[in-house]
Amino acid sequence: MLGWSDGGITGMILTAGAGSSAVQKLIIWGANAYVNEEDRAAMHRVRNPATDWSPAFRDACTAIYGEEYFRRLWDRLVAHYMRLDDICKADLGAISCPVLILHGDLDPMISGEHPVHLVNNIGNATLYRFPKGKHNIHQRYAEEFNGLVADFLTGT
């Protein structure tokens with residue numbers, strides 16, 4: 001299973017709850033198990049897609065969801081996120097499969113403490129950092145990212 005951002009959170013929760021046989025390997029990036037003040041500040045910086053997002057990313061989202069629905073959906077997500085503290089911290093110890101944690105050290109959305117917390121609290125986890133990477137390491141560093149994923153999945 002591979003998960004980016006909230007998909008990484010979903011992957012951790014599913015893997016922890018599904019038992020050892022359901023997910024054989026987990027790869028996550030841009031994910032966190034809790035929300036801190038730095039994360040809330042980052043979310044606040046992108047609260048308004050009309051002014052705070054790049055036109056390309058905003059347009060891609062509105063093309064999928066429609067402008068009005070996307071605005072409402074994003075408002076609800078941000079409001080919910082601002083109230084969170086613990087997302088899945090208690091679940092991390094239940095993840096027994098091998099986990100590859102990828103992290104862009106310049107990620108503006110995920111505090112740098114999160115990948116360290118994850119690798120220290122998931123029993124069979126490895127952390128690989130992209131020193132100049134941001135939140136979209138799978139796009140910006142696609143060749144390196146895909147190589148790491150392939151190696152991890154094939155066990156080489």
# chains A, B, ... in the order shown; residues from 1 in each chain; ligands from 1
>>> select_by_dssp(residues="chain A", states="helix (DSSP H, G or I)", output="VMD selection string")
chain A and resid 6 to 18 37 to 45 49 to 52 55 to 65 67 to 83 89 to 94 113 to 121 137 to 140 142 to 154
>>> residues_around(residues="A:Leu118", least_positions_apart="4", cutoff="12 Å", atoms="only C-alpha atoms", output="VMD selection string")
chain A and resid 8 to 9 12 27 to 34 88 to 93 95 99 to 103 111 to 114 122 to 128
>>> residues_around(residues="A:Ala22", least_positions_apart="3", cutoff="12 Å", atoms="only C-alpha atoms", output="tab-separated table (two decimals) with C-alpha atoms, in the first residue's frame")
chain	number	residue	atom	x	y	z
A	1	MET	CA	0.00	0.00	0.00
A	11	GLY	CA	-2.59	3.66	5.13
A	14	LEU	CA	-5.72	0.54	7.78
A	15	THR	CA	-2.45	-1.32	8.25
A	16	ALA	CA	-2.64	-1.09	12.04
A	17	GLY	CA	-6.23	-2.30	12.14
A	18	ALA	CA	-6.17	-4.84	9.37
A	19	GLY	CA	-3.75	-7.29	10.92
A	25	LYS	CA	4.34	-3.46	2.92
A	26	LEU	CA	3.45	0.18	3.49
A	95	ILE	CA	1.88	-1.79	12.38
A	96	SER	CA	4.04	-4.87	11.94
A	97	CYS	CA	4.77	-4.96	8.23
>>> closest_residue(among="A:Ala150, A:Arg40, A:Ala94, A:Arg47", to="A:Arg71", atoms="only C-alpha atoms")
A:Arg47
>>> residues_around(residues="A:Ala50", least_positions_apart="6", cutoff="12 Å", atoms="only C-alpha atoms", output="ChimeraX atom specification")
/A:56-59,61-62,67-68,70-71,74-75
>>> decode(residues="stretch 49-64 of chain A", atoms="all heavy atoms", output="compact mmCIF listing (two decimals), in the first residue's frame")
# COMPACT_ATOMS: atom_id res chain seq x y z
N PRO A 49 -7.85 28.53 -1.21
CA PRO A 49 -7.26 28.10 -2.49
C PRO A 49 -7.25 29.20 -3.55
O PRO A 49 -6.36 29.25 -4.40
CB PRO A 49 -8.14 26.93 -2.93
CG PRO A 49 -8.74 26.42 -1.67
CD PRO A 49 -8.92 27.63 -0.79
N ALA A 50 -8.22 30.12 -3.50
CA ALA A 50 -8.30 31.19 -4.51
C ALA A 50 -7.07 32.10 -4.46
O ALA A 50 -6.64 32.61 -5.50
CB ALA A 50 -9.57 32.01 -4.31
N THR A 51 -6.50 32.28 -3.26
CA THR A 51 -5.35 33.19 -3.14
C THR A 51 -4.09 32.50 -2.66
O THR A 51 -2.99 33.01 -2.90
CB THR A 51 -5.68 34.34 -2.16
OG1 THR A 51 -6.05 33.77 -0.89
CG2 THR A 51 -6.82 35.20 -2.69
N ASP A 52 -4.21 31.37 -1.99
CA ASP A 52 -3.06 30.74 -1.34
C ASP A 52 -2.46 29.57 -2.10
O ASP A 52 -1.43 29.05 -1.69
CB ASP A 52 -3.46 30.24 0.06
CG ASP A 52 -4.03 31.33 0.94
OD1 ASP A 52 -3.75 32.52 0.69
OD2 ASP A 52 -4.78 31.00 1.88
N TRP A 53 -3.10 29.14 -3.16
CA TRP A 53 -2.63 27.98 -3.92
C TRP A 53 -2.09 28.42 -5.27
O TRP A 53 -2.49 29.44 -5.81
CB TRP A 53 -3.78 27.02 -4.16
CG TRP A 53 -4.28 26.29 -2.97
CD1 TRP A 53 -4.27 26.68 -1.66
CD2 TRP A 53 -4.92 25.02 -2.98
NE1 TRP A 53 -4.85 25.74 -0.87
CE2 TRP A 53 -5.26 24.71 -1.65
CE3 TRP A 53 -5.24 24.13 -3.99
CZ2 TRP A 53 -5.90 23.52 -1.30
CZ3 TRP A 53 -5.88 22.95 -3.65
CH2 TRP A 53 -6.20 22.65 -2.32
N SER A 54 -1.24 27.58 -5.83
CA SER A 54 -0.80 27.83 -7.20
C SER A 54 -2.00 27.62 -8.13
O SER A 54 -2.83 26.74 -7.87
CB SER A 54 0.33 26.88 -7.60
OG SER A 54 -0.18 25.57 -7.80
N PRO A 55 -2.09 28.42 -9.18
CA PRO A 55 -3.22 28.25 -10.11
C PRO A 55 -3.32 26.84 -10.69
O PRO A 55 -4.41 26.30 -10.82
CB PRO A 55 -2.94 29.28 -11.20
CG PRO A 55 -2.12 30.33 -10.52
CD PRO A 55 -1.27 29.58 -9.52
N ALA A 56 -2.19 26.23 -10.98
CA ALA A 56 -2.22 24.88 -11.59
C ALA A 56 -2.83 23.86 -10.64
O ALA A 56 -3.67 23.05 -11.05
CB ALA A 56 -0.81 24.46 -11.98
N PHE A 57 -2.43 23.88 -9.37
CA PHE A 57 -2.96 22.91 -8.42
C PHE A 57 -4.42 23.19 -8.12
O PHE A 57 -5.25 22.28 -8.07
CB PHE A 57 -2.12 22.92 -7.14
CG PHE A 57 -2.41 21.76 -6.23
CD1 PHE A 57 -2.21 20.45 -6.65
CD2 PHE A 57 -2.89 21.97 -4.96
CE1 PHE A 57 -2.47 19.38 -5.82
CE2 PHE A 57 -3.17 20.91 -4.11
CZ PHE A 57 -2.96 19.62 -4.55
N ARG A 58 -4.76 24.45 -7.93
CA ARG A 58 -6.16 24.83 -7.68
C ARG A 58 -7.05 24.43 -8.85
O ARG A 58 -8.12 23.85 -8.66
CB ARG A 58 -6.26 26.34 -7.44
CG ARG A 58 -7.67 26.83 -7.18
CD ARG A 58 -7.74 28.35 -7.10
NE ARG A 58 -7.28 28.97 -8.31
CZ ARG A 58 -6.24 29.82 -8.38
NH1 ARG A 58 -5.58 30.15 -7.31
NH2 ARG A 58 -5.88 30.33 -9.55
N ASP A 59 -6.59 24.70 -10.07
CA ASP A 59 -7.38 24.38 -11.26
C ASP A 59 -7.57 22.87 -11.41
O ASP A 59 -8.64 22.42 -11.83
CB ASP A 59 -6.74 24.96 -12.51
CG ASP A 59 -6.78 26.49 -12.53
OD1 ASP A 59 -7.49 27.10 -11.69
OD2 ASP A 59 -6.08 27.08 -13.38
N ALA A 60 -6.55 22.10 -11.06
CA ALA A 60 -6.68 20.64 -11.13
C ALA A 60 -7.75 20.14 -10.17
O ALA A 60 -8.56 19.27 -10.53
CB ALA A 60 -5.34 19.98 -10.82
N CYS A 61 -7.79 20.70 -8.98
CA CYS A 61 -8.80 20.28 -7.99
C CYS A 61 -10.20 20.72 -8.41
O CYS A 61 -11.16 19.95 -8.28
CB CYS A 61 -8.45 20.84 -6.62
SG CYS A 61 -6.97 20.08 -5.91
N THR A 62 -10.34 21.94 -8.89
CA THR A 62 -11.67 22.41 -9.28
C THR A 62 -12.16 21.69 -10.54
O THR A 62 -13.37 21.53 -10.71
CB THR A 62 -11.71 23.94 -9.48
OG1 THR A 62 -10.74 24.32 -10.44
CG2 THR A 62 -11.46 24.66 -8.17
N ALA A 63 -11.25 21.24 -11.37
CA ALA A 63 -11.66 20.46 -12.55
C ALA A 63 -12.28 19.13 -12.13
O ALA A 63 -13.20 18.63 -12.78
CB ALA A 63 -10.47 20.22 -13.47
N ILE A 64 -11.80 18.57 -11.05
CA ILE A 64 -12.33 17.30 -10.56
C ILE A 64 -13.63 17.49 -9.81
O ILE A 64 -14.61 16.78 -10.04
CB ILE A 64 -11.29 16.61 -9.65
CG1 ILE A 64 -10.05 16.22 -10.46
CG2 ILE A 64 -11.89 15.39 -8.95
CD1 ILE A 64 -8.87 15.79 -9.62
